[in-house]
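Student: Have a peek at target15.csv (CSV, C-alpha atoms).
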chain,number,residue,atom,x,y,z
Z,1,MET,CA,-43.3,62.8,-99.2
Z,2,THR,CA,-39.7,63.7,-98.3
Z,3,LEU,CA,-38.4,63.7,-94.8
Z,4,PRO,CA,-37.5,67.0,-93.3
Z,5,ARG,CA,-33.8,67.6,-93.2
Z,6,ASP,CA,-33.5,67.6,-89.4
Z,7,TYR,CA,-35.1,64.2,-89.2
Z,8,ARG,CA,-32.7,62.8,-91.8
Z,9,GLY,CA,-29.8,64.3,-89.8
Z,10,GLN,CA,-31.0,62.6,-86.6
Z,11,SER,CA,-31.4,59.3,-88.4
Z,12,CYS,CA,-27.6,59.0,-88.6
Z,13,SER,CA,-26.4,56.5,-86.0
Z,14,LEU,CA,-23.3,58.5,-85.1
Z,15,ALA,CA,-25.5,61.6,-84.7
Z,16,ARG,CA,-27.7,59.7,-82.3
Z,17,ALA,CA,-24.7,58.4,-80.4
Z,18,MET,CA,-23.2,61.9,-80.1
Z,19,GLU,CA,-26.4,63.3,-78.7
Z,20,ILE,CA,-25.6,61.2,-75.7
Z,21,VAL,CA,-21.8,61.0,-75.5
Z,22,GLY,CA,-20.7,63.8,-77.8
Z,23,GLU,CA,-19.2,66.0,-75.2
Z,24,ARG,CA,-15.9,66.0,-73.5
Z,25,TRP,CA,-17.0,65.5,-69.9
Z,26,THR,CA,-19.4,62.7,-70.8
Z,27,LEU,CA,-16.7,60.5,-72.2
Z,28,LEU,CA,-14.4,61.1,-69.3
Z,29,ILE,CA,-17.2,60.2,-66.9
Z,30,LEU,CA,-17.7,57.0,-68.9
Z,31,ARG,CA,-14.0,56.2,-68.8
Z,32,ASP,CA,-14.0,56.6,-65.0
Z,33,ALA,CA,-17.1,54.4,-64.8
Z,34,PHE,CA,-15.3,51.7,-66.7
Z,35,TYR,CA,-12.4,52.0,-64.3
Z,36,GLY,CA,-14.8,51.4,-61.4
Z,37,VAL,CA,-15.5,54.9,-60.2
Z,38,ARG,CA,-19.0,55.0,-58.8
Z,39,ARG,CA,-19.7,57.8,-56.4
Z,40,PHE,CA,-20.5,61.5,-57.3
Z,41,GLY,CA,-17.7,62.8,-55.1
Z,42,GLU,CA,-15.1,60.5,-56.7
Z,43,PHE,CA,-16.0,61.6,-60.2
Z,44,ALA,CA,-15.9,65.2,-59.1
Z,45,ALA,CA,-12.5,64.9,-57.4
Z,46,HIS,CA,-10.9,62.9,-60.1
Z,47,LEU,CA,-12.1,64.9,-63.1
Z,48,SER,CA,-12.1,68.4,-61.5
Z,49,VAL,CA,-15.4,68.9,-63.2
Z,50,PRO,CA,-17.8,71.5,-61.8
Z,51,ARG,CA,-20.4,69.8,-59.7
Z,52,ALA,CA,-23.3,71.3,-61.6
Z,53,VAL,CA,-21.9,70.0,-64.9
Z,54,LEU,CA,-21.3,66.6,-63.4
Z,55,ALA,CA,-24.8,66.3,-62.0
Z,56,ASP,CA,-26.2,67.3,-65.4
Z,57,ARG,CA,-24.1,64.8,-67.3
Z,58,LEU,CA,-24.8,61.9,-64.9
Z,59,ALA,CA,-28.5,62.6,-65.0
Z,60,GLY,CA,-28.3,62.6,-68.9
Z,61,LEU,CA,-26.5,59.3,-68.9
Z,62,VAL,CA,-29.1,57.8,-66.5
Z,63,THR,CA,-31.9,59.0,-68.7
Z,64,ALA,CA,-30.3,57.5,-71.7
Z,65,GLY,CA,-29.9,54.2,-70.0
Z,66,VAL,CA,-26.1,54.2,-70.1
Z,67,LEU,CA,-25.7,54.5,-66.3
Z,68,ASP,CA,-27.9,53.0,-63.6
Z,69,ARG,CA,-28.3,55.0,-60.4
Z,70,ARG,CA,-28.7,52.6,-57.4
Z,71,GLN,CA,-28.4,52.5,-53.7
Z,72,GLU,CA,-24.9,51.4,-52.5
Z,73,PRO,CA,-25.3,48.2,-50.5
Z,74,GLY,CA,-24.5,48.7,-46.9
Z,75,ALA,CA,-24.1,52.4,-47.1
Z,76,GLY,CA,-27.6,53.7,-46.2
Z,77,ARG,CA,-28.9,56.2,-48.7
Z,78,ARG,CA,-25.7,56.7,-50.6
Z,79,GLU,CA,-26.0,56.3,-54.3
Z,80,VAL,CA,-23.7,54.9,-56.9
Z,81,TYR,CA,-23.6,55.1,-60.7
Z,82,VAL,CA,-23.0,51.9,-62.5
Z,83,LEU,CA,-22.7,51.2,-66.2
Z,84,THR,CA,-25.6,49.2,-67.8
Z,85,GLU,CA,-25.2,46.7,-70.5
Z,86,LYS,CA,-25.9,49.5,-73.0
Z,87,GLY,CA,-23.1,51.4,-71.4
Z,88,HIS,CA,-20.7,48.5,-71.6
Z,89,GLY,CA,-21.1,48.8,-75.4
Z,90,LEU,CA,-19.3,52.1,-75.4
Z,91,TRP,CA,-16.0,50.5,-74.3
Z,92,PRO,CA,-14.6,50.2,-77.9
Z,93,ALA,CA,-15.1,53.9,-78.4
Z,94,VAL,CA,-13.5,54.9,-75.2
Z,95,ARG,CA,-10.6,52.5,-75.9
Z,96,ALA,CA,-10.2,53.8,-79.5
Z,97,LEU,CA,-10.1,57.5,-78.4
Z,98,THR,CA,-7.7,56.6,-75.6
Z,99,ASP,CA,-5.3,54.8,-78.0
Z,100,TRP,CA,-5.4,57.7,-80.4
Z,101,GLY,CA,-4.6,60.1,-77.5
Z,102,GLU,CA,-1.6,57.9,-76.5
Z,103,ALA,CA,-0.4,57.8,-80.1
Z,104,HIS,CA,-0.5,61.5,-80.7
Z,105,TYR,CA,-0.1,63.0,-77.3
Z,106,PRO,CA,2.5,60.7,-75.7
Z,107,ALA,CA,3.7,61.1,-72.1
Z,108,PRO,CA,6.8,63.3,-71.9
Z,109,GLY,CA,9.1,60.3,-71.4
Z,110,GLY,CA,7.3,58.1,-73.9
Z,111,GLY,CA,5.4,55.0,-73.3
Z,112,ALA,CA,1.7,54.4,-72.7
Z,113,ARG,CA,0.2,55.8,-69.5
Z,114,ARG,CA,-2.2,52.9,-69.1
Z,115,ILE,CA,-2.2,49.5,-70.6
Z,116,PHE,CA,-5.0,47.0,-70.8
Z,117,LEU,CA,-4.4,43.3,-70.0
Z,118,HIS,CA,-6.6,40.3,-70.4
Z,119,HIS,CA,-7.4,39.2,-66.8
Z,120,ALA,CA,-7.4,35.5,-67.6
Z,121,ASP,CA,-3.8,35.3,-68.9
Z,122,GLY,CA,-2.2,38.8,-68.2
Z,123,ALA,CA,-1.4,39.4,-71.9
Z,124,PRO,CA,-2.0,42.8,-73.4
Z,125,ALA,CA,-5.3,43.4,-75.3
Z,126,GLY,CA,-4.7,45.2,-78.6
Z,127,PRO,CA,-6.5,48.2,-80.0
Z,128,ASP,CA,-9.0,45.9,-81.7
Z,129,GLY,CA,-9.9,44.4,-78.3
Z,130,ARG,CA,-8.2,41.0,-78.9
Z,131,CYS,CA,-5.9,39.4,-76.4
Z,132,SER,CA,-2.4,39.2,-77.8
Z,133,GLY,CA,-2.0,35.9,-75.8
Z,134,CYS,CA,-5.1,33.8,-76.5
Z,135,GLY,CA,-6.6,35.8,-79.4
Z,136,THR,CA,-10.1,36.1,-78.0
Z,137,THR,CA,-12.0,39.4,-78.1
Z,138,VAL,CA,-12.0,40.5,-74.4
Z,139,PRO,CA,-15.1,42.1,-73.0
Z,140,PRO,CA,-14.4,45.1,-70.8
Z,141,GLY,CA,-15.2,43.3,-67.6
Z,142,ASP,CA,-12.4,40.8,-68.3
Z,143,LEU,CA,-9.7,43.6,-68.7
Z,144,LEU,CA,-7.3,45.0,-66.2
Z,145,VAL,CA,-6.3,48.6,-66.5
Z,146,ALA,CA,-2.7,48.9,-65.3
Z,147,PRO,CA,-0.2,51.7,-65.1
Z,148,GLY,CA,2.1,51.9,-68.2
Z,149,PRO,CA,5.7,53.2,-68.4
Z,150,GLY,CA,4.4,56.7,-69.3
Z,151,LEU,CA,2.3,57.2,-66.2
Z,152,ALA,CA,3.6,59.8,-63.7
Z,153,PRO,CA,3.5,58.5,-60.1
Z,154,PRO,CA,0.6,60.0,-58.2
Z,155,GLY,CA,1.5,62.9,-56.0
Z,156,ASP,CA,1.0,62.8,-52.2
Z,157,ASP,CA,-2.0,65.0,-52.7
Z,158,ALA,CA,-3.6,62.8,-55.4
Z,159,ASP,CA,-7.3,62.2,-55.2
Z,160,PRO,CA,-8.3,58.6,-54.1
Z,161,VAL,CA,-9.2,57.6,-57.7
Z,162,THR,CA,-5.8,58.7,-59.1
Z,163,ALA,CA,-4.0,56.9,-56.2
Z,164,ALA,CA,-6.0,53.7,-56.7
Z,165,LEU,CA,-5.3,53.7,-60.5
Z,166,ALA,CA,-1.6,53.5,-59.8
Z,167,ARG,CA,-2.2,49.8,-59.3
Z,168,PRO,CA,-3.7,47.3,-61.7
Z,169,HIS,CA,-7.5,47.2,-61.4
Z,170,ARG,CA,-10.2,45.1,-63.1
Z,171,LEU,CA,-12.6,47.1,-65.2
Z,172,LEU,CA,-16.3,47.3,-64.1
Z,173,THR,CA,-15.4,46.4,-60.5
Z,174,PRO,CA,-15.6,49.0,-57.7
Z,175,LEU,CA,-12.3,50.9,-57.5
Z,176,LEU,CA,-12.7,52.2,-54.0
Z,177,PRO,CA,-14.0,50.3,-51.0
Z,178,THR,CA,-17.6,50.7,-49.9
Z,179,ARG,CA,-17.9,53.0,-46.9
Z,180,GLY,CA,-20.3,52.2,-44.2
Z,181,THR,CA,-23.0,54.6,-43.1
Z,182,PRO,CA,-21.4,57.3,-41.0
W,1,MET,CA,7.3,68.0,-55.9
W,2,THR,CA,3.8,66.9,-56.9
W,3,LEU,CA,2.2,67.8,-60.1
W,4,PRO,CA,-0.7,70.2,-60.0
W,5,ARG,CA,-4.0,68.5,-60.4
W,6,ASP,CA,-4.8,70.2,-63.7
W,7,TYR,CA,-1.6,68.9,-65.3
W,8,ARG,CA,-2.4,65.3,-64.1
W,9,GLY,CA,-5.9,65.6,-65.6
W,10,GLN,CA,-4.4,66.7,-68.9
W,11,SER,CA,-1.9,63.8,-68.9
W,12,CYS,CA,-4.7,61.3,-69.5
W,13,SER,CA,-4.7,60.4,-73.1
W,14,LEU,CA,-8.5,60.3,-73.4
W,15,ALA,CA,-8.7,63.8,-71.9
W,16,ARG,CA,-6.2,65.0,-74.5
W,17,ALA,CA,-8.1,63.3,-77.3
W,18,MET,CA,-11.4,64.8,-76.1
W,19,GLU,CA,-9.9,68.3,-76.1
W,20,ILE,CA,-9.8,67.9,-79.8
W,21,VAL,CA,-12.7,65.7,-80.7
W,22,GLY,CA,-14.9,65.8,-77.6
W,23,GLU,CA,-17.8,67.6,-79.0
W,24,ARG,CA,-20.7,66.5,-81.0
W,25,TRP,CA,-20.2,68.6,-84.2
W,26,THR,CA,-16.5,67.7,-84.3
W,27,LEU,CA,-17.1,64.0,-84.6
W,28,LEU,CA,-19.8,64.5,-87.2
W,29,ILE,CA,-17.5,66.7,-89.2
W,30,LEU,CA,-14.8,64.0,-89.0
W,31,ARG,CA,-17.3,61.3,-90.1
W,32,ASP,CA,-18.2,63.4,-93.1
W,33,ALA,CA,-14.5,63.9,-93.9
W,34,PHE,CA,-14.0,60.1,-93.9
W,35,TYR,CA,-17.0,59.9,-96.3
W,36,GLY,CA,-15.2,62.2,-98.7
W,37,VAL,CA,-16.9,65.6,-97.9
W,38,ARG,CA,-14.3,68.3,-98.4
W,39,ARG,CA,-15.8,71.7,-98.9
W,40,PHE,CA,-17.1,74.1,-96.3
W,41,GLY,CA,-20.5,74.4,-98.0
W,42,GLU,CA,-20.9,70.7,-98.2
W,43,PHE,CA,-20.3,70.2,-94.5
W,44,ALA,CA,-22.7,73.1,-93.8
W,45,ALA,CA,-25.5,71.7,-95.9
W,46,HIS,CA,-25.2,68.1,-94.8
W,47,LEU,CA,-24.8,68.7,-91.1
W,48,SER,CA,-27.1,71.8,-90.8
W,49,VAL,CA,-24.5,73.2,-88.5
W,50,PRO,CA,-24.3,77.0,-88.0
W,51,ARG,CA,-21.6,78.3,-90.2
W,52,ALA,CA,-19.8,80.1,-87.4
W,53,VAL,CA,-19.7,76.8,-85.4
W,54,LEU,CA,-18.5,74.9,-88.5
W,55,ALA,CA,-15.7,77.5,-89.2
W,56,ASP,CA,-14.6,77.3,-85.6
W,57,ARG,CA,-14.5,73.5,-85.5
W,58,LEU,CA,-12.7,73.2,-88.8
W,59,ALA,CA,-10.1,75.7,-87.7
W,60,GLY,CA,-9.6,73.8,-84.5
W,61,LEU,CA,-9.1,70.5,-86.4
W,62,VAL,CA,-6.6,72.2,-88.8
W,63,THR,CA,-4.7,73.6,-85.8
W,64,ALA,CA,-4.6,70.2,-84.2
W,65,GLY,CA,-3.2,68.6,-87.3
W,66,VAL,CA,-6.3,66.4,-87.9
W,67,LEU,CA,-7.4,68.1,-91.1
W,68,ASP,CA,-5.3,69.8,-93.7
W,69,ARG,CA,-6.7,72.9,-95.5
W,70,ARG,CA,-5.5,73.0,-99.1
W,71,GLN,CA,-6.3,74.6,-102.4
W,72,GLU,CA,-8.6,72.4,-104.5
W,73,PRO,CA,-6.8,71.5,-107.7
W,74,GLY,CA,-8.3,73.2,-110.8
W,75,ALA,CA,-10.7,75.3,-108.8
W,76,GLY,CA,-9.0,78.6,-108.4
W,77,ARG,CA,-8.8,79.7,-104.8
W,78,ARG,CA,-11.4,77.3,-103.5
W,79,GLU,CA,-10.2,75.4,-100.4
W,80,VAL,CA,-10.9,71.9,-99.3
W,81,TYR,CA,-10.4,70.1,-95.9
W,82,VAL,CA,-8.7,66.7,-96.1
W,83,LEU,CA,-7.9,64.3,-93.3
W,84,THR,CA,-4.3,63.9,-92.4
W,85,GLU,CA,-2.6,60.7,-91.3
W,86,LYS,CA,-3.2,61.7,-87.8
W,87,GLY,CA,-6.9,62.2,-88.7
W,88,HIS,CA,-7.1,58.7,-90.3
W,89,GLY,CA,-6.2,57.3,-86.9
W,90,LEU,CA,-9.6,58.5,-85.6
W,91,TRP,CA,-11.5,56.0,-87.8
W,92,PRO,CA,-11.8,53.3,-85.1
W,93,ALA,CA,-13.4,55.8,-82.8
W,94,VAL,CA,-15.9,57.0,-85.4
W,95,ARG,CA,-16.7,53.4,-86.4
W,96,ALA,CA,-17.2,52.3,-82.7
W,97,LEU,CA,-19.6,55.2,-82.0
W,98,THR,CA,-21.5,54.6,-85.2
W,99,ASP,CA,-21.9,50.9,-84.4
W,100,TRP,CA,-23.1,51.7,-80.9
W,101,GLY,CA,-25.6,54.1,-82.3
W,102,GLU,CA,-26.9,51.5,-84.8
W,103,ALA,CA,-27.2,49.0,-82.0
W,104,HIS,CA,-29.1,51.1,-79.6
W,105,TYR,CA,-31.0,53.6,-81.9
W,106,PRO,CA,-31.9,51.4,-84.8
W,107,ALA,CA,-33.7,52.6,-87.9
W,108,PRO,CA,-37.5,52.4,-87.6
W,109,GLY,CA,-37.7,49.4,-89.8
W,110,GLY,CA,-34.6,47.8,-88.4
W,111,GLY,CA,-31.3,47.1,-90.1
W,112,ALA,CA,-28.1,49.2,-90.3
W,113,ARG,CA,-28.3,52.5,-92.1
W,114,ARG,CA,-24.8,52.2,-93.4
W,115,ILE,CA,-22.6,49.2,-93.9
W,116,PHE,CA,-18.8,49.1,-94.4
W,117,LEU,CA,-17.3,46.8,-97.0
W,118,HIS,CA,-13.8,45.8,-97.8
W,119,HIS,CA,-13.1,47.4,-101.2
W,120,ALA,CA,-10.9,44.5,-102.3
W,121,ASP,CA,-13.4,41.7,-101.9
W,122,GLY,CA,-16.7,43.4,-101.1
W,123,ALA,CA,-17.1,41.5,-97.8
W,124,PRO,CA,-18.4,43.4,-94.7
W,125,ALA,CA,-15.7,44.7,-92.3
W,126,GLY,CA,-16.7,43.9,-88.7
W,127,PRO,CA,-16.8,46.3,-85.7
W,128,ASP,CA,-13.1,45.4,-85.0
W,129,GLY,CA,-12.1,46.6,-88.4
W,130,ARG,CA,-11.4,43.1,-89.8
W,131,CYS,CA,-12.8,41.9,-93.2
W,132,SER,CA,-15.2,39.1,-92.7
W,133,GLY,CA,-14.0,37.7,-96.0
W,134,CYS,CA,-10.2,37.8,-95.9
W,135,GLY,CA,-9.6,38.5,-92.2
W,136,THR,CA,-7.2,41.4,-92.7
W,137,THR,CA,-7.6,44.6,-90.7
W,138,VAL,CA,-8.9,47.1,-93.3
W,139,PRO,CA,-7.6,50.7,-93.2
W,140,PRO,CA,-10.3,53.3,-93.7
W,141,GLY,CA,-9.1,54.1,-97.2
W,142,ASP,CA,-9.8,50.6,-98.3
W,143,LEU,CA,-13.4,50.6,-97.1
W,144,LEU,CA,-16.6,51.4,-99.0
W,145,VAL,CA,-19.5,53.0,-97.1
W,146,ALA,CA,-22.7,51.6,-98.6
W,147,PRO,CA,-26.4,52.2,-97.8
W,148,GLY,CA,-27.8,49.5,-95.5
W,149,PRO,CA,-31.3,48.2,-95.3
W,150,GLY,CA,-32.2,50.8,-92.6
W,151,LEU,CA,-31.3,53.8,-94.7
W,152,ALA,CA,-34.3,55.9,-95.7
W,153,PRO,CA,-34.1,56.9,-99.4
W,154,PRO,CA,-33.0,60.5,-99.9
W,155,GLY,CA,-35.8,62.9,-100.6
W,156,ASP,CA,-35.9,65.0,-103.7
W,157,ASP,CA,-34.7,68.0,-101.7
W,158,ALA,CA,-31.7,66.1,-100.3
W,159,ASP,CA,-28.5,68.0,-100.0
W,160,PRO,CA,-25.8,66.8,-102.5
W,161,VAL,CA,-23.9,64.8,-99.8
W,162,THR,CA,-27.0,62.9,-98.6
W,163,ALA,CA,-27.8,62.1,-102.3
W,164,ALA,CA,-24.3,60.9,-103.1
W,165,LEU,CA,-24.2,58.7,-100.0
W,166,ALA,CA,-27.2,56.8,-101.3
W,167,ARG,CA,-24.6,54.9,-103.4
W,168,PRO,CA,-21.6,53.0,-102.3
W,169,HIS,CA,-18.5,55.2,-101.9
W,170,ARG,CA,-14.9,54.6,-101.1
W,171,LEU,CA,-13.8,56.3,-97.9
W,172,LEU,CA,-11.2,59.1,-98.1
W,173,THR,CA,-11.9,59.8,-101.8
W,174,PRO,CA,-13.8,62.9,-102.8
W,175,LEU,CA,-17.5,62.4,-102.6
W,176,LEU,CA,-18.6,65.2,-105.0
W,177,PRO,CA,-16.9,66.1,-108.2
W,178,THR,CA,-14.5,69.0,-108.4
W,179,ARG,CA,-16.1,72.1,-109.7
W,180,GLY,CA,-14.2,74.3,-112.1
W,181,THR,CA,-13.6,78.0,-111.4
W,182,PRO,CA,-16.8,79.9,-112.1
Take the structure from the file and write it as C-alpha cells.
Tutor:
Amino acid sequence: MTLPRDYRGQSCSLARAMEIVGERWTLLILRDAFYGVRRFGEFAAHLSVPRAVLADRLAGLVTAGVLDRRQEPGAGRREVYVLTEKGHGLWPAVRALTDWGEAHYPAPGGGARRIFLHHADGAPAGPDGRCSGCGTTVPPGDLLVAPGPGLAPPGDDADPVTAALARPHRLLTPLLPTRGTP
Amino acid sequence: MTLPRDYRGQSCSLARAMEIVGERWTLLILRDAFYGVRRFGEFAAHLSVPRAVLADRLAGLVTAGVLDRRQEPGAGRREVYVLTEKGHGLWPAVRALTDWGEAHYPAPGGGARRIFLHHADGAPAGPDGRCSGCGTTVPPGDLLVAPGPGLAPPGDDADPVTAALARPHRLLTPLLPTRGTP
C-alpha cells in the first residue's frame, strides 16, 4: 500500500511547522511574544494588524500549544498570551529570519536595528545562539533585546511597545507593567 | 518629525524578511530549492501546490533576488530556478523550522524524517549548523540531506523528487538529471 500524496506532503516536518507559523503575521506575533508583549491591545497597536486577523492568529497559536492564554494576575478578567515551552523552541527560527532581514534590508544608516545580548555577561549572542563572551548557547529567556545603531528613535506618537523597546529588555519577561483592574 | 507608523513597522528586519518568505508555500519552495529541485514541474509535483500559486511565489522570489531564473544548460529554452547567495542565507531559518517540526510533530514511529550530514566527514550537523565531528559551521552547500529513521519509504507512485530524496543528496546540487531537448 502506498501513502496518498497529501499524507506524504504533510509528513514533512517543515510543512507541519508551516501549517502553524507559515504566515507573516504569525511570526511577527511570535517575535512580539518573545519581546514580552502579552495583551491583545498591545499586539494590535504594535503590529497594526487588523483585530479580526490578530484574534484568529492568536487562537490558532493557542490551539497549537505555542501560546498559553491565561488570566493576568491582579488584573481581574484581563487575559494575556504567554509563550509555552513549545513556543520557546521557535526562537532560533525567529532569530534566523531577523538576522537575514538585517543582512539584506539594512537600516538606512546601516547597523543592526536590534541586538541580542547574553544577560549574564552582556556580550552579544551570535546568529548560532552562542554567547560571544562565554561561548554557551543562550536560551531565549537569558537574552536581552537592545536597540542597535540602526534603530530609529521612537516618535512621540509611538505605541507603548515601540517606546518600551527603545531600552534593553529581557526576553520572555513582561514588557509593559501590569495594569490594575479599572 | 515622527515617522508614520507603517514605516516604523516595515523597518523591523523580521517584518521585511516576512514580506518575502512569510507564507507557507514560499518556505516549502525554498526548502525544495535547497534540496536541489530546480524545475517548475518538479516543484509543482512535489509540493502539490496549485500552478498559479507556484508561478506567483517563484516570480516573487526572483524579484526579491532570492532565486535566479536561468536557462538550463543543454535543455533548449527550459528554465530552472536556482538559489542566489542571498537565498543561501535563508538556510538557518529553514533548518530551524524543520527541526522544530521534527521535535513537535514527530513521525508516527519516532525518529527524524531527514538528517543533515557534513559532506566532508559524514558526521551529523547540529541544529546550530555545526558539524558534530569537526566542529566547523557547515554552509548549506557542504551538507547532505539523508533519509532518517522516521521517513516513510516512497510509494511506487511517488513523484520524482520524493523518490530521489529517499537517498542521500548534497544540498544545492541538482536533484534530478538534466533532460535533453525533446
Student: Using CA of Ala103 in chain Z and CA of Lys86 in chain W as the two end points, give the distance in Å to one decimal.
Tutor: 9.1 Å
Student: Under the rule of at most 6 Å, produce a per-residue listing of chain W near chain Z: chain, number, name, the closest pair of atoms, and the distance in Å, as a Markdown table, using all atoms listed in the file.
Tutor:
| residue | atom | partner | partner_atom | distance |
| --- | --- | --- | --- | --- |
| W:Thr2 | CA | Z:Gly155 | CA | 4.7 |
| W:Ser13 | CA | Z:Gly101 | CA | 4.4 |
| W:Leu14 | CA | Z:Thr98 | CA | 4.4 |
| W:Arg16 | CA | Z:Gly101 | CA | 6.0 |
| W:Ala17 | CA | Z:Gly101 | CA | 4.7 |
| W:Met18 | CA | Z:Arg24 | CA | 5.3 |
| W:Gly22 | CA | Z:Arg24 | CA | 4.2 |
| W:Glu23 | CA | Z:Glu23 | CA | 4.4 |
| W:Arg24 | CA | Z:Gly22 | CA | 4.2 |
| W:Pro92 | CA | Z:Ala96 | CA | 5.8 |
| W:Ala93 | CA | Z:Ala96 | CA | 5.0 |
| W:Ala96 | CA | Z:Ala93 | CA | 5.0 |
| W:Leu97 | CA | Z:Leu14 | CA | 5.8 |
| W:Thr98 | CA | Z:Leu14 | CA | 4.3 |
| W:Gly101 | CA | Z:Ser13 | CA | 4.5 |
| W:Glu102 | CA | Z:Ser13 | CA | 5.2 |
| W:Asp128 | CA | Z:Asp128 | CA | 5.3 |
| W:Gly155 | CA | Z:Thr2 | CA | 4.6 |
Student: Pro140 in chain W: which residues within 8 Å, counting all atoms listed in the file, same-chain residues fewer than 3 positions away excluded, as a ChimeraX atom specification?
Tutor: /W:34,88,91,143,171-172
Student: Please indicate the distance in Å from CA of Pro124 in chain W to CA of Leu165 in chain W, rounded to one decimal place.
Tutor: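 According to the coordinates, CA of Pro124 in chain W and CA of Leu165 in chain W are separated by 17.2 Å.
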Student: In Å to one decimal, how far is CA of Pro160 in chain Z from CA of Cys131 in chain Z?
Tutor: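 Interatomic distance here is 29.5 Å.
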Student: Using all atoms listed in the file, determine which residues lie at most 10 Å from Ala120 in chain Z, disregarding the query and same-chain residues fewer than 4 positions distant; provide the list as a PyMOL selection string.
Tutor: chain Z and resi 131+133-134+138+142-144
Student: Using only C-alpha atoms - which residues lie no farther than 10 Å from the point (-7.2, 64.9, -90.3) in the file's frame? Write them as a tab-separated table (two decimals) with C-alpha atoms, in the coordinates of the input.
Tutor:
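File written: part.tsv
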chain	number	residue	atom	x	y	z
W	30	LEU	CA	-14.80	64.00	-89.00
W	33	ALA	CA	-14.50	63.90	-93.90
W	34	PHE	CA	-14.00	60.10	-93.90
W	61	LEU	CA	-9.10	70.50	-86.40
W	62	VAL	CA	-6.60	72.20	-88.80
W	64	ALA	CA	-4.60	70.20	-84.20
W	65	GLY	CA	-3.20	68.60	-87.30
W	66	VAL	CA	-6.30	66.40	-87.90
W	67	LEU	CA	-7.40	68.10	-91.10
W	68	ASP	CA	-5.30	69.80	-93.70
W	69	ARG	CA	-6.70	72.90	-95.50
W	81	TYR	CA	-10.40	70.10	-95.90
W	82	VAL	CA	-8.70	66.70	-96.10
W	83	LEU	CA	-7.90	64.30	-93.30
W	84	THR	CA	-4.30	63.90	-92.40
W	85	GLU	CA	-2.60	60.70	-91.30
W	86	LYS	CA	-3.20	61.70	-87.80
W	87	GLY	CA	-6.90	62.20	-88.70
W	88	HIS	CA	-7.10	58.70	-90.30
W	89	GLY	CA	-6.20	57.30	-86.90
W	90	LEU	CA	-9.60	58.50	-85.60
Student: With all atoms listed in the file as the basis for distance, which of Z:Leu58, Z:Ala125, Z:Gly76, Z:Pro168 is at the shortest distance from Arg38 in chain Z?
Tutor: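 Of Z:Leu58, Z:Ala125, Z:Gly76, Z:Pro168, the one nearest Arg38 in chain Z is Z:Leu58, counting all atoms listed in the file.
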Student: Just the residues within 7 Å of Arg39 in chain Z, please, counting all atoms listed in the file, with nothing from its chain fewer than 3 positions along; format it as a list in words.
Tutor: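 Non-adjacent residues within range: Glu42, Phe43, Glu79, Val80 and Tyr81 of chain Z.
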Student: Selecting C-alpha atoms, how would range 134-155 of chain Z from this structure be written as a compact mmCIF listing (two decimals), in the first residue's frame?
Tutor:
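Output file part32.txt is given in full below:
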# COMPACT_ATOMS: atom_id res chain seq x y z
CA CYS Z 134 31.35 32.81 27.39
CA GLY Z 135 30.59 30.53 24.44
CA THR Z 136 27.46 28.95 25.87
CA THR Z 137 24.29 28.52 23.84
CA VAL Z 138 21.92 31.08 25.33
CA PRO Z 139 18.24 30.16 25.73
CA PRO Z 140 15.87 32.99 24.76
CA GLY Z 141 14.92 33.73 28.38
CA ASP Z 142 18.56 34.65 29.10
CA LEU Z 143 18.80 37.15 26.23
CA LEU Z 144 18.35 40.91 26.26
CA VAL Z 145 16.97 42.59 23.15
CA ALA Z 146 18.58 46.01 22.92
CA PRO Z 147 18.36 48.83 20.38
CA GLY Z 148 21.16 48.72 17.83
CA PRO Z 149 22.78 51.58 15.92
CA GLY Z 150 20.29 51.17 13.06
CA LEU Z 151 17.16 51.69 15.15
CA ALA Z 152 15.33 54.94 14.52
CA PRO Z 153 14.30 56.67 17.76
CA PRO Z 154 10.62 56.14 18.54
CA GLY Z 155 8.42 59.08 17.65
